[in-house]
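Each remark here refers to the structure printed beneath this line.
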Amino acid sequence: MSEIELDLISHLSEYKRIFSFLTAEDIMKKELITLTPENYLSEARVIMRDKRISGIPIVDKEGKLVGLVSTERIIRALEEGIISNKIKEYMTPREKIVYFSPKDTFEKIVETFERYRYGRYPVIDEHNKLLGLITKHDILRAILKQFHSIYIHDRRREEYLNREVSILASDKFIEDKASFRYDINTQSISEAGEGTALLKKVLEKRGYHRDFIRRVSIGTYEAEVNVVIHAGGKGLILAFFEEDGVVVFVRDWGPGIEDIDLAMKEGFSTAPDHIRELGFGAGMGLPNMRRAADRLVILSQSGKGTRVEMVFNLKEGRD
Amino acid sequence: MKVREIIEILDCEVLTGNVNLEEEVKYGYTSDLLSEVIGKAHPDSVWITIQSHLNIVAVAVLVGIKAIVVCEGKTVDPKVVEKAIQEKVAIITTRENSFRTSGKLYEAGLR
Ligand SMILES: Nc1ncnc2c1ncn2[C@@H]1O[C@H](COP(=O)(O)OP(=O)(O)OP(=O)(O)O)[C@@H](O)[C@H]1O
Ligand SMILES: [Mg+2]
């Protein structure tokens with residue numbers, strides 16, 4: 001792999017927690033071109049050239065993995081003048097192949113990519129049967145397919161990635177752990193903000209500093225108003241009080257955000273005219289959330305609603 | 001500058017009785033876009049706007065705005081006034097437009 005590609009993989013490893021629910025079988029490509037040991041290296045060469053692939057798994061009659069042929073091997077075969085020989089003797093043998101099992105985790109996959117730096121890894125079952133193949137492109141494709149879009153802004157990235165509470169944890173898990181809960185259920189814009197008002201009262205009772213409360217309230221209010229304006233008014237606010245700060249989670253069951261990067265831009269808004277007349281729709285809500293929170297994660301799938309997670313860290317000497 | 005002085009300068013009506021009259025205001029901000037106010041107005045501000053619906057109170061509370069000047073003679077619903085009193089935000093109304101109102105307060109030293 002080139003330097004740039006390696007860099008890509010190490011970036012991916014920063015997100016291994018987020019995508020931890022993806023397994024090898026979710027990621028792998030299933031439509032495979034395979035050859036048998038009895039085929040010729042020259043046939044592998046033609047397939048690689050025509051299909052623009054960089055490696056071909058070699059299987060026996062029962063579809064069990066017995067080897068792998070890479071472009072590097074073909075190039076050497078050309079140099080050595082053995083391109084018309086059978087694959088059998090020249091393939092990477094099964095015992096030297098680094099492979100995955102279907103249930104291997106995203107974390108393991110990324111770590112393997114980092115460690116071995118091969119371009120492709122077969123996925124096989126317990127009987128050695130070839131199920132699929134994973135390249136870094138498959139990893140990216142799986143991520144893109146899984147989420148219509150994801151947005152992450154973080155001032156303290158490393159810490160974030162190692163937190164337990166996260167937007168992608170199962171809903172039930174985090175709902176049970178929340179110290180504050182408010183169900184948003186209104187279409188009326190004048191009722192938007194009631195959840196935030198309640199949360200603010202709780203924060204005041206708990207004795208947080210006024211500037212800290214202000215930050216949490218601003219972020220939560222913008223998210224709550226968005227649920228009412230853009231998502232049909234059905235949603236949920238959860239807050240978690242932790243030693244080093246407060247985590248607010250707002251989710252809805254609305255239409256989702258089509259292009260999150262676009263939505264994050266100051267001034268971008270799809271608010272209807274009657275809402276704009278009330279002064280909403282400046283396209284400043286998401287930017288305000290980003291500014292107020294130390295970390296903002298938005299996850300939105302078209303048709304599956306939107307999840308917003310904001311982390312507000314208590315800063316020494318500030319809040 | 002105290003909220004009381006703002007009322008004197010603008011020579012206008014206050015709807016929320018004694019609320020915040022003695023509070024100190026250091027800044028002014030003029031906008032009708034709520035998220036703009038949330039993102040940019042300072043705490044301890046007076047906010048000049050033509051919006052008069054319920055959400056302005058929530059925005060003022062979020063930001064820490066002490067007084068809202070509702071311009072262009074817009075009527076403010078009693079429910080909004082009630083909420084403002086409850087949340088300790090002064091609401092002032094004037095027939096003047098936002099430009100002139102802001103100008104007067106700027107002249108008087110608010111920034
Ligand atoms: N919960 C959501 N569900 C669906 N779409 C959303 C949601 N939140 C935001 N969006 C989309 O992102 C856009 C930008 O949101 P943002 O909060 O920044 O601005 P706005 O709500 O349009 O205006 P403002 O917040 O300034 O009043 C929205 O116009 C909408 O298209
Ligand atoms: Mg918004």
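In the structure tokens, chains take the letters A, B, ... in the order shown, each chain's residues start at 1, and ligands count up from 1 in the order shown.
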Determine, for each residue of chain B having at least one atom at most 12 Å from an atom of chain A, the closest pair of atoms and their separation in Å to one decimal, counting only C-alpha atoms; order by chain and ascending number, as CSV.
residue,atom,partner,partner_atom,distance
B:Ser31,CA,A:Gly279,CA,8.9
B:Asp32,CA,A:Gly279,CA,5.5
B:Leu33,CA,A:Gly279,CA,4.3
B:Leu34,CA,A:Gly279,CA,5.4
B:Ser35,CA,A:Met284,CA,5.3
B:Glu36,CA,A:Met284,CA,6.3
B:Val37,CA,A:Met284,CA,9.5
B:Ile38,CA,A:Ile218,CA,7.0
B:Gly39,CA,A:Asn288,CA,5.5
B:Lys40,CA,A:Asn288,CA,9.0
B:Ala41,CA,A:Asn288,CA,11.8
B:His42,CA,A:Arg214,CA,11.2
B:Pro43,CA,A:Arg214,CA,9.4
B:Thr49,CA,A:Gly279,CA,9.8
B:Ile50,CA,A:Gly279,CA,9.3
B:Gln51,CA,A:Leu278,CA,6.6
B:Ser52,CA,A:Leu278,CA,8.5
B:His53,CA,A:Leu278,CA,7.4
B:Leu54,CA,A:Ser190,CA,5.8
B:Asn55,CA,A:Ser190,CA,5.9
B:Ile56,CA,A:Gly279,CA,9.2
B:Val57,CA,A:Ser190,CA,10.3
B:Ala58,CA,A:Gly193,CA,7.0
B:Val59,CA,A:Ile218,CA,8.7
B:Ala60,CA,A:Ile218,CA,10.9
B:Val61,CA,A:Ala197,CA,9.0
B:Leu62,CA,A:Ile218,CA,6.2
B:Val63,CA,A:Arg214,CA,6.9
B:Gly64,CA,A:Arg214,CA,8.2
B:Ile65,CA,A:Arg214,CA,11.6
B:Lys79,CA,A:Ser190,CA,10.9
B:Val80,CA,A:Ser190,CA,10.0
B:Lys83,CA,A:Ser190,CA,11.6
B:Glu87,CA,A:Ala197,CA,10.3
Would you mind exporting the chosen residues as a short mmCIF file (atom, residue, chain, number, x, y, z; two decimals), in the first residue's frame, restricted to N, CA, C and O atoms?
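Dumped everything to selection28.cif:
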data_model
loop_
_atom_site.label_atom_id
_atom_site.label_comp_id
_atom_site.auth_asym_id
_atom_site.auth_seq_id
_atom_site.Cartn_x
_atom_site.Cartn_y
_atom_site.Cartn_z
N SER B 31 -31.08 42.03 16.14
CA SER B 31 -31.28 40.99 15.13
C SER B 31 -32.67 40.38 15.29
O SER B 31 -33.21 40.35 16.39
N ASP B 32 -33.21 39.89 14.18
CA ASP B 32 -34.49 39.18 14.24
C ASP B 32 -34.32 37.68 14.06
O ASP B 32 -35.30 36.94 14.00
N LEU B 33 -33.09 37.27 13.92
CA LEU B 33 -32.82 35.84 13.73
C LEU B 33 -32.39 35.22 15.06
O LEU B 33 -31.35 35.58 15.62
N LEU B 34 -33.19 34.30 15.54
CA LEU B 34 -32.99 33.81 16.90
C LEU B 34 -31.64 33.12 17.11
O LEU B 34 -30.95 33.36 18.09
N SER B 35 -31.27 32.27 16.17
CA SER B 35 -30.00 31.55 16.34
C SER B 35 -28.79 32.49 16.26
O SER B 35 -27.74 32.22 16.84
N GLU B 36 -28.98 33.56 15.52
CA GLU B 36 -27.93 34.57 15.44
C GLU B 36 -27.73 35.19 16.83
O GLU B 36 -26.62 35.39 17.30
N VAL B 37 -28.83 35.48 17.48
CA VAL B 37 -28.78 36.06 18.83
C VAL B 37 -28.15 35.06 19.80
O VAL B 37 -27.27 35.41 20.59
N ILE B 38 -28.60 33.82 19.69
CA ILE B 38 -28.07 32.78 20.59
C ILE B 38 -26.56 32.66 20.42
O ILE B 38 -25.81 32.55 21.39
N GLY B 39 -26.12 32.70 19.19
CA GLY B 39 -24.70 32.49 18.93
C GLY B 39 -23.84 33.71 19.20
O GLY B 39 -22.66 33.58 19.50
N LYS B 40 -24.40 34.90 19.07
CA LYS B 40 -23.53 36.08 19.06
C LYS B 40 -23.75 37.12 20.15
O LYS B 40 -22.86 37.90 20.44
N ALA B 41 -24.95 37.17 20.72
CA ALA B 41 -25.19 38.21 21.73
C ALA B 41 -24.47 37.88 23.03
O ALA B 41 -24.35 36.72 23.41
N HIS B 42 -23.99 38.91 23.70
CA HIS B 42 -23.36 38.73 25.01
C HIS B 42 -24.41 38.52 26.09
O HIS B 42 -25.53 39.02 25.96
N PRO B 43 -24.01 37.88 27.16
CA PRO B 43 -24.89 37.93 28.34
C PRO B 43 -24.96 39.39 28.81
O PRO B 43 -24.11 40.19 28.42
N THR B 49 -35.31 43.95 18.60
CA THR B 49 -35.85 43.04 17.57
C THR B 49 -37.27 43.43 17.20
O THR B 49 -37.89 44.26 17.88
N ILE B 50 -37.77 42.83 16.12
CA ILE B 50 -39.21 42.99 15.83
C ILE B 50 -39.96 41.69 16.12
O ILE B 50 -41.15 41.60 15.91
N GLN B 51 -39.26 40.68 16.60
CA GLN B 51 -39.95 39.44 16.97
C GLN B 51 -40.67 39.66 18.30
O GLN B 51 -40.17 40.38 19.17
N SER B 52 -41.84 39.04 18.44
CA SER B 52 -42.57 39.26 19.68
C SER B 52 -43.24 37.99 20.20
O SER B 52 -44.05 38.05 21.11
N HIS B 53 -42.89 36.85 19.63
CA HIS B 53 -43.55 35.61 20.05
C HIS B 53 -42.84 34.97 21.25
O HIS B 53 -41.77 35.41 21.68
N LEU B 54 -43.44 33.91 21.73
CA LEU B 54 -43.01 33.28 22.97
C LEU B 54 -41.52 32.90 23.00
O LEU B 54 -40.86 33.01 24.02
N ASN B 55 -41.00 32.45 21.87
CA ASN B 55 -39.63 31.95 21.85
C ASN B 55 -38.58 33.01 22.19
O ASN B 55 -37.46 32.68 22.57
N ILE B 56 -38.94 34.30 22.04
CA ILE B 56 -37.93 35.33 22.35
C ILE B 56 -37.55 35.28 23.83
O ILE B 56 -36.41 35.57 24.19
N VAL B 57 -38.50 34.88 24.66
CA VAL B 57 -38.19 34.80 26.09
C VAL B 57 -37.19 33.67 26.34
O VAL B 57 -36.20 33.84 27.05
N ALA B 58 -37.44 32.53 25.69
CA ALA B 58 -36.52 31.39 25.85
C ALA B 58 -35.12 31.77 25.38
O ALA B 58 -34.12 31.45 26.04
N VAL B 59 -35.05 32.46 24.27
CA VAL B 59 -33.74 32.88 23.73
C VAL B 59 -33.05 33.83 24.71
O VAL B 59 -31.86 33.69 25.00
N ALA B 60 -33.81 34.79 25.24
CA ALA B 60 -33.24 35.75 26.20
C ALA B 60 -32.69 35.02 27.43
O ALA B 60 -31.60 35.32 27.91
N VAL B 61 -33.45 34.06 27.91
CA VAL B 61 -33.02 33.31 29.09
C VAL B 61 -31.73 32.55 28.79
O VAL B 61 -30.78 32.54 29.58
N LEU B 62 -31.69 31.92 27.61
CA LEU B 62 -30.49 31.16 27.22
C LEU B 62 -29.25 32.02 27.23
O LEU B 62 -28.19 31.63 27.70
N VAL B 63 -29.39 33.20 26.64
CA VAL B 63 -28.22 34.06 26.45
C VAL B 63 -27.87 34.84 27.72
O VAL B 63 -26.72 35.18 27.94
N GLY B 64 -28.88 35.09 28.53
CA GLY B 64 -28.67 35.94 29.69
C GLY B 64 -29.00 37.40 29.38
O GLY B 64 -28.46 38.32 29.98
N ILE B 65 -29.89 37.59 28.43
CA ILE B 65 -30.34 38.92 28.04
C ILE B 65 -31.27 39.48 29.12
O ILE B 65 -32.17 38.78 29.59
N LYS B 79 -49.47 36.24 27.09
CA LYS B 79 -48.78 35.00 27.49
C LYS B 79 -47.26 35.18 27.47
O LYS B 79 -46.56 34.61 28.30
N VAL B 80 -46.81 35.94 26.48
CA VAL B 80 -45.38 36.17 26.36
C VAL B 80 -44.91 37.03 27.53
O VAL B 80 -43.87 36.78 28.14
N LYS B 83 -44.79 34.98 30.71
CA LYS B 83 -43.61 34.12 30.70
C LYS B 83 -42.34 34.94 31.01
O LYS B 83 -41.46 34.51 31.76
N GLU B 87 -39.74 34.46 33.99
CA GLU B 87 -38.33 34.15 33.71
C GLU B 87 -37.40 35.33 33.98
O GLU B 87 -36.20 35.28 33.69
#
Q.
Residues within 9 Å of B:Lys104, please, as a PyMOL selection string. Count only C-alpha atoms; anything in the same chain fewer than 4 positions from it doesn't count.
A. chain B and resi 9-10+99-100+108-109
Q) stretch 177-253 of chain A: which residues are alpha helix (DSSP H) by DSSP, as JSON, numbers by chain? A) {"A": [177, 194, 195, 196, 197, 198, 199, 200, 201, 202, 203, 204, 205, 210, 211, 212, 213, 214, 215, 216, 217, 218, 219, 220, 221, 222, 223, 224, 225, 226, 227, 228, 229, 230]}
Q: DSSP on the backbone, then: every residue of stretch 54-241 of chain A marked strand (DSSP E or B), written as a PyMOL selection string.
A: chain A and resi 55-59+64-70+86+92-93+100+105+120-124+129-135+149-154+180-185+234-241
Q.
Using Å and a single decimal, report how far atom CA of A:Ala263 sits from atom CA of A:Val297.
A.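 Answer for the atom CA of A:Val297 to atom CA of A:Ala263 separation: 13.3 Å.
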